[in-house]
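The next block is run_29.tsv, given as TSV, C-alpha atoms.
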```tsv
chain	number	residue	atom	x	y	z
A	19	MET	CA	-0.99	118.08	-57.56
A	20	ASN	CA	-4.51	119.43	-57.81
A	21	PRO	CA	-5.13	120.84	-54.30
A	22	PHE	CA	-8.84	119.99	-54.61
A	23	ASP	CA	-7.96	116.32	-55.13
A	24	SER	CA	-9.28	115.14	-51.79
A	25	PRO	CA	-7.28	111.91	-51.22
A	26	ALA	CA	-3.95	113.59	-51.95
A	27	ALA	CA	-4.81	116.79	-50.09
A	28	LEU	CA	-6.11	114.88	-47.06
A	29	GLU	CA	-2.88	112.91	-46.81
A	30	ILE	CA	-0.76	116.07	-46.87
A	31	LEU	CA	-3.00	117.94	-44.43
A	32	ARG	CA	-2.90	114.99	-42.04
A	33	ASP	CA	0.79	114.10	-42.20
A	34	GLY	CA	2.65	117.19	-43.43
A	35	GLU	CA	4.56	119.69	-41.31
A	36	LEU	CA	2.11	122.31	-40.01
A	37	GLU	CA	3.38	125.88	-39.64
A	38	VAL	CA	1.22	128.73	-38.35
A	39	LEU	CA	1.71	131.95	-40.35
A	40	GLY	CA	-0.80	134.21	-38.60
A	41	ARG	CA	-4.19	134.50	-36.96
A	42	LEU	CA	-7.36	135.22	-38.93
A	43	VAL	CA	-8.49	138.13	-36.78
A	44	ALA	CA	-12.15	138.01	-37.84
A	45	SER	CA	-12.51	134.48	-36.47
A	46	THR	CA	-14.17	133.97	-33.09
A	47	ASN	CA	-12.44	130.60	-32.61
A	48	HIS	CA	-8.77	131.53	-33.08
A	49	ALA	CA	-8.55	130.23	-36.64
A	50	MET	CA	-5.01	130.46	-37.98
A	51	TYR	CA	-3.72	130.85	-41.50
A	52	SER	CA	-1.18	128.06	-41.88
A	53	ARG	CA	1.02	126.16	-44.27
A	54	VAL	CA	1.37	122.39	-44.51
A	55	THR	CA	4.48	120.99	-46.18
A	56	ARG	CA	5.24	117.45	-47.29
A	57	ILE	CA	8.93	116.82	-47.89
A	58	CYS	CA	9.44	114.55	-50.89
A	59	PRO	CA	12.49	112.43	-51.77
A	60	ASP	CA	15.03	114.14	-54.04
A	61	PRO	CA	14.72	115.26	-56.75
A	62	GLU	CA	10.99	115.84	-56.23
A	63	PRO	CA	10.07	119.26	-54.85
A	64	ALA	CA	8.24	119.63	-51.55
A	65	VAL	CA	4.45	119.92	-51.76
A	66	VAL	CA	3.01	122.93	-49.93
A	67	LEU	CA	-0.66	123.61	-49.16
A	68	ASP	CA	-2.15	126.67	-47.50
A	69	ALA	CA	-4.62	125.77	-44.79
A	70	VAL	CA	-6.80	126.95	-41.91
A	71	TYR	CA	-5.94	125.52	-38.49
A	72	LYS	CA	-8.52	125.78	-35.70
A	73	PRO	CA	-7.16	124.38	-32.43
A	74	VAL	CA	-9.71	122.98	-30.00
A	75	ARG	CA	-8.27	125.05	-27.16
A	76	GLY	CA	-9.16	128.23	-29.05
A	77	GLU	CA	-12.86	127.42	-29.41
A	78	ARG	CA	-15.26	129.91	-27.88
A	79	PRO	CA	-17.68	128.13	-25.50
A	80	LEU	CA	-21.31	128.07	-26.70
A	81	ASP	CA	-24.48	127.54	-24.70
A	82	ASP	CA	-26.01	125.06	-27.16
A	83	PHE	CA	-23.02	122.92	-28.19
A	84	PRO	CA	-20.73	120.86	-25.93
A	85	ASP	CA	-17.36	122.48	-25.26
A	86	GLY	CA	-14.43	121.34	-27.36
A	87	THR	CA	-16.50	119.74	-30.13
A	88	LEU	CA	-16.54	122.34	-32.92
A	89	ALA	CA	-13.44	121.08	-34.73
A	90	ARG	CA	-14.83	117.56	-34.87
A	91	ARG	CA	-18.09	118.88	-36.29
A	92	GLU	CA	-16.11	120.49	-39.12
A	93	VAL	CA	-14.47	117.14	-39.87
A	94	ALA	CA	-17.87	115.42	-39.69
A	95	ALA	CA	-19.23	117.94	-42.20
A	96	HIS	CA	-16.40	117.03	-44.56
A	97	ALA	CA	-17.25	113.35	-44.16
A	98	MET	CA	-20.86	114.11	-45.08
A	99	SER	CA	-19.73	116.20	-48.03
A	100	GLN	CA	-17.67	113.27	-49.28
A	101	ALA	CA	-20.67	110.98	-48.95
A	102	THR	CA	-22.79	113.26	-51.13
A	103	GLY	CA	-20.13	113.42	-53.84
A	104	TRP	CA	-20.74	117.16	-54.14
A	105	ALA	CA	-17.37	118.30	-52.73
A	106	ILE	CA	-19.00	121.10	-50.77
A	107	VAL	CA	-16.55	121.10	-47.85
A	108	PRO	CA	-12.83	121.48	-48.66
A	109	PRO	CA	-10.51	118.65	-47.55
A	110	THR	CA	-10.53	118.69	-43.73
A	111	VAL	CA	-8.73	116.59	-41.11
A	112	MET	CA	-8.33	116.36	-37.35
A	113	ARG	CA	-4.72	116.38	-36.22
A	114	ASP	CA	-2.20	117.69	-33.75
A	115	GLY	CA	-0.59	121.09	-34.32
A	116	PRO	CA	1.49	123.80	-32.67
A	117	PHE	CA	-1.40	124.67	-30.32
A	118	GLY	CA	-2.67	121.16	-29.80
A	119	GLU	CA	-5.31	119.06	-31.52
A	120	GLY	CA	-7.52	120.84	-33.98
A	121	MET	CA	-9.12	120.97	-37.39
A	122	VAL	CA	-6.96	121.62	-40.45
A	123	GLN	CA	-8.75	122.52	-43.68
A	124	LEU	CA	-7.45	123.34	-47.13
A	125	TRP	CA	-7.35	127.09	-47.73
A	126	ILE	CA	-9.61	128.19	-50.59
A	127	ASP	CA	-8.68	131.15	-52.81
A	128	VAL	CA	-11.98	132.62	-53.97
A	129	ASP	CA	-12.89	134.09	-57.32
A	130	GLU	CA	-13.07	137.77	-56.37
A	131	SER	CA	-15.09	138.57	-59.50
A	132	VAL	CA	-18.12	136.65	-58.18
A	133	ASP	CA	-20.73	138.62	-56.22
A	134	VAL	CA	-21.76	136.24	-53.43
A	135	VAL	CA	-24.56	138.56	-52.27
A	136	ALA	CA	-26.06	138.43	-55.76
A	137	MET	CA	-25.72	134.63	-55.80
A	138	VAL	CA	-27.77	134.36	-52.61
A	139	VAL	CA	-30.37	136.99	-53.50
A	140	GLU	CA	-30.90	135.55	-56.99
A	141	ASP	CA	-31.01	131.91	-55.78
A	142	ASP	CA	-28.07	130.86	-57.92
A	143	PRO	CA	-28.70	127.20	-58.83
A	144	ARG	CA	-25.16	126.30	-57.73
A	145	LEU	CA	-26.33	126.87	-54.16
A	146	ARG	CA	-29.15	124.29	-54.24
A	147	ARG	CA	-26.84	121.45	-53.30
A	148	ILE	CA	-25.47	123.45	-50.39
A	149	ALA	CA	-29.03	124.07	-49.20
A	150	VAL	CA	-29.69	120.31	-49.27
A	151	PHE	CA	-26.41	119.63	-47.50
A	152	ASP	CA	-27.23	122.17	-44.78
A	153	ALA	CA	-30.59	120.50	-44.21
A	154	ILE	CA	-28.87	117.15	-43.69
A	155	VAL	CA	-26.26	118.45	-41.24
A	156	ASN	CA	-28.61	120.92	-39.50
A	157	ASN	CA	-26.37	123.91	-40.15
A	158	THR	CA	-27.23	126.69	-37.73
A	159	ASP	CA	-24.97	129.33	-39.28
A	160	ARG	CA	-24.96	129.40	-43.08
A	161	LYS	CA	-23.85	132.97	-43.77
A	162	GLY	CA	-23.13	134.34	-47.21
A	163	GLY	CA	-19.50	134.76	-46.20
A	164	HIS	CA	-19.25	131.01	-45.73
A	165	LEU	CA	-19.81	130.47	-49.46
A	166	LEU	CA	-16.55	130.40	-51.44
A	167	PRO	CA	-16.84	130.47	-55.26
A	168	VAL	CA	-13.67	129.46	-57.09
A	169	PRO	CA	-12.53	129.86	-60.70
A	170	GLY	CA	-14.36	127.37	-62.86
A	171	GLY	CA	-17.70	127.88	-61.15
A	172	HIS	CA	-17.60	125.50	-58.17
A	173	VAL	CA	-18.76	126.84	-54.80
A	174	PHE	CA	-17.34	125.56	-51.52
A	175	GLY	CA	-18.96	125.94	-48.11
A	176	VAL	CA	-16.92	126.43	-44.93
A	177	ASP	CA	-17.35	127.04	-41.18
A	178	HIS	CA	-19.40	124.02	-40.10
A	179	GLY	CA	-18.54	124.04	-36.41
A	180	VAL	CA	-22.16	124.50	-35.35
A	181	CYS	CA	-23.73	121.64	-37.28
A	182	PHE	CA	-25.22	118.29	-36.23
A	183	SER	CA	-27.20	119.46	-33.20
A	184	PRO	CA	-29.91	116.93	-32.32
A	185	VAL	CA	-32.29	119.89	-31.90
A	186	PRO	CA	-33.73	121.39	-35.13
A	187	LYS	CA	-31.73	124.59	-35.65
A	188	LEU	CA	-31.44	125.13	-39.39
A	189	ARG	CA	-30.49	128.79	-39.85
A	190	THR	CA	-29.33	129.88	-43.27
A	191	VAL	CA	-29.44	132.51	-46.01
A	192	LEU	CA	-30.37	129.76	-48.51
A	193	TRP	CA	-34.15	129.67	-48.17
A	194	GLY	CA	-34.84	130.36	-51.86
A	195	TRP	CA	-36.04	126.78	-52.45
A	196	ARG	CA	-38.06	126.35	-49.25
A	197	GLY	CA	-40.92	123.93	-49.75
A	198	GLU	CA	-39.98	123.16	-53.35
A	199	PRO	CA	-39.68	119.56	-54.58
A	200	LEU	CA	-36.23	118.03	-54.48
A	201	ALA	CA	-34.86	117.03	-57.87
A	202	GLU	CA	-34.47	113.35	-58.68
A	203	ASP	CA	-30.68	113.59	-58.60
A	204	GLU	CA	-30.86	115.25	-55.16
A	205	LEU	CA	-33.12	112.47	-53.89
A	206	ALA	CA	-30.70	109.89	-55.29
A	207	VAL	CA	-27.85	111.51	-53.34
A	208	LEU	CA	-29.97	111.53	-50.18
A	209	ALA	CA	-30.64	107.83	-50.65
A	210	THR	CA	-26.91	107.19	-51.05
A	211	VAL	CA	-26.18	109.18	-47.88
A	212	ARG	CA	-28.86	107.26	-45.98
A	213	GLU	CA	-27.34	103.94	-46.99
A	214	ALA	CA	-23.86	105.18	-46.01
A	215	LEU	CA	-25.15	106.26	-42.60
A	216	ASP	CA	-25.85	102.59	-41.87
A	217	LYS	CA	-22.31	101.72	-42.95
A	218	GLU	CA	-18.96	103.51	-43.17
A	219	LEU	CA	-20.28	107.08	-42.89
A	220	GLY	CA	-22.20	106.27	-39.72
A	221	GLU	CA	-19.11	104.66	-38.24
A	222	GLU	CA	-17.01	107.71	-39.07
A	223	LEU	CA	-19.56	110.12	-37.62
A	224	ARG	CA	-19.80	108.09	-34.41
A	225	GLY	CA	-16.09	108.73	-33.93
A	226	LEU	CA	-16.66	112.48	-34.17
A	227	LEU	CA	-20.14	113.17	-32.75
A	228	LEU	CA	-22.37	112.08	-29.90
A	229	PRO	CA	-24.59	109.04	-30.57
A	230	VAL	CA	-27.71	111.21	-30.24
A	231	GLU	CA	-26.34	113.54	-32.94
A	232	VAL	CA	-25.71	110.68	-35.36
A	233	ALA	CA	-29.22	109.34	-34.70
A	234	ALA	CA	-30.67	112.80	-35.37
A	235	THR	CA	-28.75	113.00	-38.66
A	236	ILE	CA	-30.34	109.72	-39.72
A	237	ARG	CA	-33.80	111.02	-38.81
A	238	ARG	CA	-33.27	114.25	-40.76
A	239	THR	CA	-32.21	112.31	-43.83
A	240	ASP	CA	-35.24	110.03	-43.51
A	241	ARG	CA	-37.55	113.04	-43.23
A	242	LEU	CA	-36.06	114.68	-46.31
A	243	LEU	CA	-36.50	111.46	-48.28
A	244	ALA	CA	-40.08	111.08	-47.09
A	245	ALA	CA	-41.07	114.70	-47.73
A	246	ARG	CA	-39.18	114.90	-51.05
A	247	ARG	CA	-39.05	118.66	-50.53
A	248	PHE	CA	-36.76	121.34	-49.19
A	249	PRO	CA	-37.58	122.16	-45.57
A	250	TRP	CA	-39.43	125.25	-44.42
A	251	PRO	CA	-38.04	127.62	-41.79
A	252	SER	CA	-39.00	126.72	-38.25
A	253	PRO	CA	-41.40	129.16	-36.54
A	254	GLY	CA	-39.60	128.51	-33.25
A	255	TRP	CA	-36.06	129.37	-34.36
A	256	PRO	CA	-34.57	132.43	-36.18
A	257	ALA	CA	-34.46	131.47	-39.84
A	258	VAL	CA	-31.46	133.60	-40.87
A	259	PRO	CA	-28.13	134.01	-39.04
A	260	TRP	CA	-26.97	137.44	-37.95
A	261	PRO	CA	-25.18	139.04	-39.60
A	262	PRO	CA	-26.30	137.22	-42.76
A	263	PHE	CA	-23.02	137.99	-44.62
```
Once you've parsed the file, please lay out its structure as structure tokens.
Amino acid sequence: MNPFDSPAALEILRDGELEVLGRLVASTNHAMYSRVTRICPDPEPAVVLDAVYKPVRGERPLDDFPDGTLARREVAAHAMSQATGWAIVPPTVMRDGPFGEGMVQLWIDVDESVDVVAMVVEDDPRLRRIAVFDAIVNNTDRKGGHLLPVPGGHVFGVDHGVCFSPVPKLRTVLWGWRGEPLAEDELAVLATVREALDKELGEELRGLLLPVEVAATIRRTDRLLAARRFPWPSPGWPAVPWPPF
């Protein structure tokens, strides 16, 4: 099985046996390196996926986001990623685990030969889509370390627990295209997302976010479609997260 095949990976992440192997010590929200196993009928071998498990009870309280909502924001970001068709966010589900309900996301092994700092500084074109995605979801913490290049050239984005605030808070290292016109294919994706927000995507987000946050997501998408340009940094909010990488 291709682990990046979302439907298959989502099924295993949601229904497989979740085993915690250790804590990711750099995480502020008790993220845990885990393994998810699906037992198959003989003679088929078991399917095993490495994953990140972030239990809700381990989330660090924040002043500007409601307590206990970060895991659901990560799942909402995956739903938005699916709607764009860009596969920015790895397969992500909400489920029960050894430490209670939490987010479980496919572990991504990065291509260590890729210099992420150089990608950001040089405005690598592979990051344009992530910049558009961050503008839609109002990502307030796009660090360079949240960009995961993999063999073959694709770049994933992770750590979306502080997205979807109804207050403008875009804070990112991806300002290389600020104010530039959006490409026609990017506008087409935005139009697809906007239509989905009135249908199945909106319904899914309403199960994960507050109504005011879903409404704000619709307004952001409308503004991007009307402006037809990448946003500019806000003068009233720090433009870049700290540390940036």
### Query
Neighbours of segment 246-257 of chain A within 9 Å (all atoms listed in the file; same-chain residues fewer than 2 positions away dropped), as number ranges by chain?
A: 149-150, 153, 158, 186-191, 193, 195-201, 205, 241-244, 259
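In this structure, atom CA of Met112 of chain A sits 22.2 Å away from atom CA of Ala233 of chain A.
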### Task
Would you mind listing what lies within 9 Å of Met98 of chain A as a PyMOL selection string, with all atoms listed in the file counted and same-chain residues fewer than 3 positions away left out?
chain A and resi 93-95+101-103+107+151+154-155+211+219+223
### Task
Using all atoms listed in the file, pick whichever of A:Asp240, A:Asp68, A:Asp133, A:Glu221 has the shortest atom-to-atom distance to Ala27 of chain A.
A:Asp68
### Query
Separation of atom CA of Glu119 of chain A and atom CA of Val230 of chain A, in Å?
23.8 Å
Please write out, as lines of an AutoDock Vina configuration file, where the centre of an axis-aligned box around all listed atoms of segment 225-241 of chain A lies and how long its edges are, in Å to one decimal, after adding 4 Å on each side.
```
center_x = -26.8
center_y = 111.5
center_z = -36.9
size_x = 29.5
size_y = 13.5
size_z = 21.9
```
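Candidate residues A:Val122, A:Leu28, A:Val134, A:Ala89 were compared for distance to Glu77 of chain A, and the nearest is A:Ala89, using all atoms listed in the file.
Near Pro79 of chain A, within 12 Å and counting all atoms listed in the file, sit A:Thr46, A:Asn47, A:Val74, A:Arg75, A:Phe83, A:Pro84, A:Asp85, A:Gly86, A:Thr87, A:Leu88, A:Gly179, A:Val180; same-chain residues fewer than 4 positions away were not included.
Among the candidates A:Arg53, A:His164, A:Arg78, A:Arg32, the one nearest to Val135 of chain A when counting all atoms listed in the file is A:His164.
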### Query
At what distance in Å, to one decimal, does atom CA of Asp129 of chain A lie from atom CA of Pro169 of chain A?
5.4 Å
### Query
In file coordinates, which residues lie within 12 Å of (-23.0, 132.0, -46.9) using all atoms listed in the file, given as a PyMOL selection string?
chain A and resi 133-139+141+145+148-149+152+157-167+173-178+189-193+258-263
### Message
Residues within 12 Å of (-22.2, 103.5, -40.9), file coordinates, counting all atoms listed in the file: what are they? Give the list as a list of chain:residue names.
### Response
A:Ala97, A:Met98, A:Ala101, A:Thr210, A:Val211, A:Arg212, A:Glu213, A:Ala214, A:Leu215, A:Asp216, A:Lys217, A:Glu218, A:Leu219, A:Gly220, A:Glu221, A:Glu222, A:Leu223, A:Arg224, A:Gly225, A:Pro229, A:Val232, A:Ala233, A:Thr235, A:Ile236
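You can rank A:Asp81, A:Arg113, A:Arg90, A:Pro63 by their closest distance to Glu35 of chain A using only C-alpha atoms, and at the top of that list sits A:Arg113.
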### Query
With all atoms listed in the file as the basis for distance, which of A:Asp127, A:Asp114, A:Asp82, A:Glu29 is at the shortest distance from Val65 of chain A?
A:Glu29
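Nearest-residue note for Ala69 of chain A: choosing from A:Leu208, A:Ile30, A:Ile106, A:Val168, the minimum distance belongs to A:Ile30, counting all atoms listed in the file.
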Kindly output segment 71-97 of chain A as a JSON list (two decimals), in the frame of the given file, after building N, CA and C atoms.
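Printed below is part-v7.json as written:
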```json
[["chain", "number", "residue", "atom", "x", "y", "z"],
["A", 71, "TYR", "N", -6.13, 126.37, -39.67],
["A", 71, "TYR", "CA", -5.94, 125.52, -38.49],
["A", 71, "TYR", "C", -6.76, 126.13, -37.36],
["A", 72, "LYS", "N", -7.69, 125.33, -36.82],
["A", 72, "LYS", "CA", -8.52, 125.78, -35.70],
["A", 72, "LYS", "C", -8.29, 124.85, -34.51],
["A", 73, "PRO", "N", -7.41, 125.23, -33.58],
["A", 73, "PRO", "CA", -7.16, 124.38, -32.43],
["A", 73, "PRO", "C", -8.35, 124.32, -31.49],
["A", 74, "VAL", "N", -8.58, 123.16, -30.92],
["A", 74, "VAL", "CA", -9.71, 122.98, -30.00],
["A", 74, "VAL", "C", -9.62, 123.95, -28.83],
["A", 75, "ARG", "N", -8.42, 124.19, -28.34],
["A", 75, "ARG", "CA", -8.27, 125.05, -27.16],
["A", 75, "ARG", "C", -8.64, 126.51, -27.45],
["A", 76, "GLY", "N", -8.77, 126.87, -28.71],
["A", 76, "GLY", "CA", -9.16, 128.23, -29.05],
["A", 76, "GLY", "C", -10.65, 128.41, -29.27],
["A", 77, "GLU", "N", -11.43, 127.33, -29.14],
["A", 77, "GLU", "CA", -12.86, 127.42, -29.41],
["A", 77, "GLU", "C", -13.58, 128.23, -28.34],
["A", 78, "ARG", "N", -14.44, 129.11, -28.80],
["A", 78, "ARG", "CA", -15.26, 129.91, -27.88],
["A", 78, "ARG", "C", -16.41, 129.05, -27.37],
["A", 79, "PRO", "N", -16.57, 128.95, -26.03],
["A", 79, "PRO", "CA", -17.68, 128.13, -25.50],
["A", 79, "PRO", "C", -19.04, 128.66, -25.96],
["A", 80, "LEU", "N", -19.95, 127.73, -26.27],
["A", 80, "LEU", "CA", -21.31, 128.07, -26.70],
["A", 80, "LEU", "C", -22.31, 127.43, -25.75],
["A", 81, "ASP", "N", -23.46, 128.06, -25.61],
["A", 81, "ASP", "CA", -24.48, 127.54, -24.70],
["A", 81, "ASP", "C", -25.14, 126.27, -25.24],
["A", 82, "ASP", "N", -25.21, 126.14, -26.57],
["A", 82, "ASP", "CA", -26.01, 125.06, -27.16],
["A", 82, "ASP", "C", -25.19, 123.97, -27.84],
["A", 83, "PHE", "N", -23.86, 123.99, -27.67],
["A", 83, "PHE", "CA", -23.02, 122.92, -28.19],
["A", 83, "PHE", "C", -22.00, 122.55, -27.11],
["A", 84, "PRO", "N", -21.71, 121.26, -26.94],
["A", 84, "PRO", "CA", -20.73, 120.86, -25.93],
["A", 84, "PRO", "C", -19.36, 121.49, -26.19],
["A", 85, "ASP", "N", -18.68, 121.87, -25.14],
["A", 85, "ASP", "CA", -17.36, 122.48, -25.26],
["A", 85, "ASP", "C", -16.38, 121.53, -25.95],
["A", 86, "GLY", "N", -15.50, 122.11, -26.75],
["A", 86, "GLY", "CA", -14.43, 121.34, -27.36],
["A", 86, "GLY", "C", -14.85, 120.41, -28.47],
["A", 87, "THR", "N", -16.01, 120.66, -29.10],
["A", 87, "THR", "CA", -16.50, 119.74, -30.13],
["A", 87, "THR", "C", -16.59, 120.37, -31.52],
["A", 88, "LEU", "N", -16.29, 121.67, -31.65],
["A", 88, "LEU", "CA", -16.54, 122.34, -32.92],
["A", 88, "LEU", "C", -15.62, 121.83, -34.03],
["A", 89, "ALA", "N", -14.36, 121.57, -33.71],
["A", 89, "ALA", "CA", -13.44, 121.08, -34.73],
["A", 89, "ALA", "C", -13.90, 119.74, -35.29],
["A", 90, "ARG", "N", -14.36, 118.87, -34.41],
["A", 90, "ARG", "CA", -14.83, 117.56, -34.87],
["A", 90, "ARG", "C", -16.09, 117.69, -35.73],
["A", 91, "ARG", "N", -16.89, 118.66, -35.45],
["A", 91, "ARG", "CA", -18.09, 118.88, -36.29],
["A", 91, "ARG", "C", -17.68, 119.31, -37.70],
["A", 92, "GLU", "N", -16.61, 120.10, -37.79],
["A", 92, "GLU", "CA", -16.11, 120.49, -39.12],
["A", 92, "GLU", "C", -15.62, 119.26, -39.89],
["A", 93, "VAL", "N", -14.93, 118.36, -39.21],
["A", 93, "VAL", "CA", -14.47, 117.14, -39.87],
["A", 93, "VAL", "C", -15.65, 116.25, -40.24],
["A", 94, "ALA", "N", -16.67, 116.20, -39.38],
["A", 94, "ALA", "CA", -17.87, 115.42, -39.69],
["A", 94, "ALA", "C", -18.59, 116.00, -40.91],
["A", 95, "ALA", "N", -18.60, 117.32, -41.03],
["A", 95, "ALA", "CA", -19.23, 117.94, -42.20],
["A", 95, "ALA", "C", -18.48, 117.56, -43.47],
["A", 96, "HIS", "N", -17.16, 117.47, -43.39],
["A", 96, "HIS", "CA", -16.40, 117.03, -44.56],
["A", 96, "HIS", "C", -16.74, 115.58, -44.91],
["A", 97, "ALA", "N", -16.88, 114.73, -43.90],
["A", 97, "ALA", "CA", -17.25, 113.35, -44.16],
["A", 97, "ALA", "C", -18.60, 113.27, -44.87]]
```
